[in-house]
file coords-v9.txt (compact mmCIF, C-alpha atoms)
# COMPACT_ATOMS: atom_id res chain seq x y z
CA MET A 75 -7.61 3.92 -24.12
CA ALA A 76 -7.09 4.25 -20.40
CA ARG A 77 -5.74 1.20 -18.62
CA LYS A 78 -7.19 -0.11 -15.45
CA VAL A 79 -4.97 0.08 -12.40
CA LEU A 80 -5.60 -1.21 -8.92
CA LEU A 81 -5.51 0.88 -5.78
CA SER A 82 -5.24 -0.68 -2.40
CA ILE A 83 -5.60 1.62 0.57
CA ASP A 84 -5.04 0.42 4.10
CA MET A 85 -6.51 2.71 6.71
CA ASP A 86 -3.28 2.49 8.66
CA TRP A 87 -1.72 4.63 5.95
CA PHE A 88 -3.57 7.63 7.34
CA TYR A 89 -2.44 7.18 10.91
CA ARG A 90 0.89 8.14 12.38
CA GLU A 91 3.02 5.73 14.26
CA LEU A 92 3.39 6.54 17.90
CA PRO A 93 6.86 6.68 19.44
CA SER A 94 8.36 3.34 20.34
CA GLY A 95 7.29 2.11 23.72
CA THR A 96 3.78 3.44 23.34
CA GLY A 97 2.39 0.47 21.51
CA GLY A 98 3.39 1.16 17.92
CA THR A 99 0.96 2.08 15.18
CA VAL A 100 -2.47 3.07 16.35
CA SER A 101 -4.86 2.25 13.58
CA PRO A 102 -8.08 0.30 13.11
CA ARG A 103 -5.95 -2.81 12.81
CA SER A 104 -2.33 -3.77 12.78
CA SER A 105 -1.59 -4.64 9.15
CA MET B 245 0.04 11.39 29.33
CA LEU B 246 -0.52 10.54 25.68
CA ASP B 247 -3.70 11.83 24.08
CA VAL B 248 -4.22 8.99 21.62
CA TYR B 249 -7.05 10.68 19.73
CA SER B 250 -5.06 13.83 19.16
CA GLU B 251 -1.81 12.02 18.39
CA CYS B 252 -3.51 9.85 15.79
CA ASP B 253 -5.82 12.41 14.22
CA PRO B 254 -5.43 11.82 10.46
CA MET B 255 -6.36 15.44 9.77
CA ARG B 256 -3.20 16.43 11.62
CA HIS B 257 -0.81 13.64 10.78
CA ALA B 258 -1.81 11.89 7.56
CA ASP B 259 0.36 12.63 4.54
CA ILE B 260 -2.89 13.13 2.67
CA PRO B 261 -5.96 13.46 4.92
CA PRO B 262 -8.72 11.03 3.92
CA MET B 263 -11.12 13.77 2.83
CA PHE B 264 -8.57 15.03 0.27
CA PHE B 265 -7.40 11.63 -0.91
CA VAL B 266 -9.59 11.23 -4.01
CA ASN B 267 -8.74 14.73 -5.15
CA ALA B 268 -5.02 14.03 -4.71
CA LEU B 269 -5.33 10.87 -6.81
CA GLN B 270 -7.18 12.71 -9.55
CA LYS B 271 -4.41 15.27 -9.72
CA LYS B 272 -2.02 12.39 -10.37
CA GLY B 273 -4.04 11.13 -13.30
CA PHE B 274 -6.14 8.51 -11.60
CA LYS B 275 -9.67 8.56 -12.97
CA LEU B 276 -12.35 7.47 -10.59
CA THR B 277 -15.86 7.27 -11.98
CA LYS B 278 -19.22 5.87 -11.00
CA LYS B 279 -18.09 2.64 -12.64
CA THR B 280 -15.02 2.30 -10.45
CA ARG B 281 -15.32 -0.87 -8.41
CA ILE B 282 -14.73 -0.27 -4.73
CA GLY B 283 -14.45 -2.96 -2.10
CA GLY B 284 -14.02 -2.68 1.61
CA SER B 285 -13.06 -5.23 4.19
CA TRP B 286 -11.95 -5.56 7.75
CA SER B 287 -8.98 -7.64 6.63
CA HIS B 288 -6.59 -6.75 3.84
CA SER B 289 -6.35 -10.47 3.02
CA ASP B 290 -9.68 -10.12 1.19
CA ALA B 291 -7.92 -7.90 -1.35
CA TYR B 292 -6.51 -11.02 -2.99
CA GLU B 293 -9.93 -12.29 -4.04
CA PHE B 294 -11.09 -8.81 -4.99
CA PHE B 295 -8.11 -8.16 -7.26
CA LYS B 296 -7.08 -11.57 -8.61
CA ASP B 297 -9.38 -11.65 -11.63
CA SER B 298 -9.37 -7.92 -12.36
CA GLY B 299 -7.08 -8.22 -15.36
CA ALA B 300 -5.18 -5.13 -14.23
CA LYS B 301 -1.41 -5.44 -14.08
CA VAL B 302 -0.41 -2.38 -12.03
CA LEU B 303 -1.24 -1.97 -8.37
CA PHE B 304 -0.61 0.95 -6.04
CA ASN B 305 -0.55 -0.06 -2.41
CA PHE B 306 -1.08 2.80 0.04
CA ASP B 307 -0.12 1.03 3.20
CA ALA B 308 2.10 1.46 6.23
CA HIS B 309 3.07 -2.18 5.72
CA HIS B 310 4.41 -3.89 2.61
CA ASP B 311 2.14 -6.96 2.88
CA LEU B 312 4.75 -8.93 0.99
CA PHE B 313 5.70 -11.58 3.48
CA SER B 314 6.22 -14.84 1.64
CA GLU B 315 4.04 -17.44 3.24
CA ASP B 316 1.64 -19.96 1.74
CA GLU B 317 -1.30 -19.31 4.02
CA LEU B 318 -3.04 -16.14 2.86
CA ASP B 319 -3.38 -13.38 5.43
CA CYS B 320 -3.29 -9.60 5.76
CA GLY B 321 0.50 -9.52 5.76
CA ASN B 322 1.10 -11.44 2.54
CA TRP B 323 -1.92 -10.99 0.21
CA LEU B 324 0.18 -8.85 -2.15
CA TYR B 325 2.93 -11.45 -2.23
CA HIS B 326 0.28 -13.97 -3.29
CA LEU B 327 -0.90 -11.72 -6.15
CA GLN B 328 2.68 -11.37 -7.32
CA ARG B 329 3.45 -15.05 -6.96
CA ASP B 330 0.37 -16.00 -8.96
CA ASP B 331 1.42 -13.74 -11.85
CA LYS B 332 -1.51 -11.39 -11.45
CA LEU B 333 0.61 -8.24 -11.49
CA ALA B 334 3.39 -6.81 -13.60
CA GLU B 335 4.15 -3.83 -11.38
CA VAL B 336 3.55 -2.87 -7.78
CA VAL B 337 4.15 0.57 -6.32
CA TRP B 338 4.21 0.62 -2.55
CA VAL B 339 3.35 4.14 -1.45
CA VAL B 340 4.94 4.48 1.94
CA ARG B 341 4.22 7.09 4.54
CA ASN B 342 6.47 10.08 4.90
CA GLY B 343 7.34 9.00 8.41
CA PRO B 344 9.59 6.10 9.37
CA ARG B 345 8.82 2.89 7.55
CA ASP B 346 7.03 0.30 9.62
CA TRP B 347 9.73 -2.29 9.14
CA ALA B 348 12.62 -0.06 10.12
CA GLY B 349 14.53 -1.85 12.79
CA THR B 350 12.34 -4.93 12.79
CA GLY B 351 14.34 -7.01 10.32
CA ALA B 352 11.21 -7.52 8.20
CA ARG B 353 11.65 -6.85 4.51
CA PRO B 354 9.41 -7.41 1.50
CA GLY B 355 9.66 -10.93 0.19
CA ARG B 356 10.69 -12.44 3.48
CA SER B 357 8.43 -14.58 5.52
CA ARG B 358 8.08 -13.81 9.16
CA SER B 359 9.77 -17.08 9.95
CA SER B 360 12.11 -17.75 7.04
CA THR B 361 13.64 -16.05 4.04
CA GLY B 362 11.67 -15.92 0.81
CA ARG B 363 11.98 -14.10 -2.50
CA ILE B 364 9.72 -12.16 -4.82
CA SER B 365 10.16 -12.90 -8.50
CA GLY B 366 8.63 -11.75 -11.73
CA THR B 367 7.00 -8.53 -10.65
CA ARG B 368 8.60 -5.13 -10.90
CA SER B 369 8.32 -3.44 -7.52
CA SER B 370 9.11 0.06 -6.41
CA ARG B 371 8.49 2.37 -3.49
CA SER B 372 7.20 5.88 -3.62
CA ARG B 373 6.58 8.66 -1.18
CA PRO B 374 3.28 10.55 -1.55
CA SER B 375 5.17 13.61 -2.77
CA SER B 376 6.91 11.62 -5.50
CA LEU B 377 4.02 9.45 -6.60
CA PRO B 378 4.33 9.09 -10.38
CA SER B 379 1.57 10.60 -12.48
CA LEU B 380 -0.37 8.27 -14.70
CA ARG B 381 -0.87 8.86 -18.38
CA HIS B 382 -3.88 6.95 -19.65
CA GLY B 383 -3.49 4.52 -16.81
CA ARG B 384 0.16 3.87 -17.62
CA LEU B 385 3.14 4.46 -15.40
CA PRO B 386 6.14 6.35 -16.72
CA THR B 387 8.68 3.82 -17.92
CA SER B 388 11.36 5.40 -15.79
CA THR B 389 9.60 4.86 -12.47
CA LYS B 390 12.25 4.30 -9.84
CA SER B 391 12.20 3.55 -6.20
CA SER B 392 12.32 6.75 -4.22
CA GLY B 393 12.49 5.14 -0.83
CA SER B 394 15.78 4.28 0.69

call {"tool": "encode", "arguments": {"input": "coords-v9.txt", "output": "structure tokens"}}
result
Amino acid sequence: MARKVLLSIDMDWFYRELPSGTGGTVSPRSS
Amino acid sequence: MLDVYSECDPMRHADIPPMFFVNALQKKGFKLTKKTRIGGSWSHSDAYEFFKDSGAKVLFNFDAHHDLFSEDELDCGNWLYHLQRDDKLAEVVWVVRNGPRDWAGTGARPGRSRSSTGRISGTRSSRSRPSSLPSLRHGRLPTSTKSSGS
């Protein structure tokens, strides 16, 4: 029988981090 | 000048673009059905309440941040630490982005509070890149899952 697993997906995972000095990660929120 | 929209376009820069994400999970053995519970929130701190009574023991966290800071007051940077601390999970796989890790150079590490040193105990934790995400077999992780991040 299949076991239940949990998935947590933060939207920031889909966004690249901008080079340092440009404000860091641009995403819907910071963490 | 930086074109923020272009530079952040997930179709260009995401390891797995959002529209292909479910398909990529299914290829790895994750089974999503009409009965799969899905929750959404503005703050990741709400994940604690959503997950705490699920009964599941394995969690995959697709996140640019580890969310494992060790602090008592629940927030978006430590909700996963709280799940671990409260014995809700046996195994956590943090799926990091292919780019530089968010904590590189910041001094922040999983299990540390932002103000003082803490420790994670009890839960097996590992990191994975999208390309090395372990495949599930009947909802179980391979027993030899190892950290692939360094």

call {"tool": "interface_residues", "arguments": {"input": "coords-v9.txt", "of": "chain A", "to": "chain B", "cutoff": "7 Å", "atoms": "all atoms listed in the file", "output": "list in words"}}
result
Met75, Ala76, Arg77, Lys78, Val79, Leu80, Leu81, Ser82, Ile83, Asp84, Asp86, Trp87, Phe88, Tyr89, Arg90, Val100 and Ser105 of chain A

call {"tool": "atom_distance", "arguments": {"input": "coords-v9.txt", "atom1": "CA of Phe313 in chain B", "atom2": "CA of Tyr325 in chain B"}}
result
6.3 Å

call {"tool": "atom_distance", "arguments": {"input": "coords-v9.txt", "atom1": "CA of Asp297 in chain B", "atom2": "CA of Asn267 in chain B"}}
result
27.2 Å

call {"tool": "atom_distance", "arguments": {"input": "coords-v9.txt", "atom1": "CA of Trp323 in chain B", "atom2": "CA of Ser369 in chain B"}}
result
14.9 Å

call {"tool": "residues_around", "arguments": {"input": "coords-v9.txt", "residues": "range 375-377 of chain B", "least_positions_apart": "2", "cutoff": "8 Å", "atoms": "all atoms listed in the file", "output": "PyMOL selection string"}}
result
chain B and resi 272+339+372-373+379+392
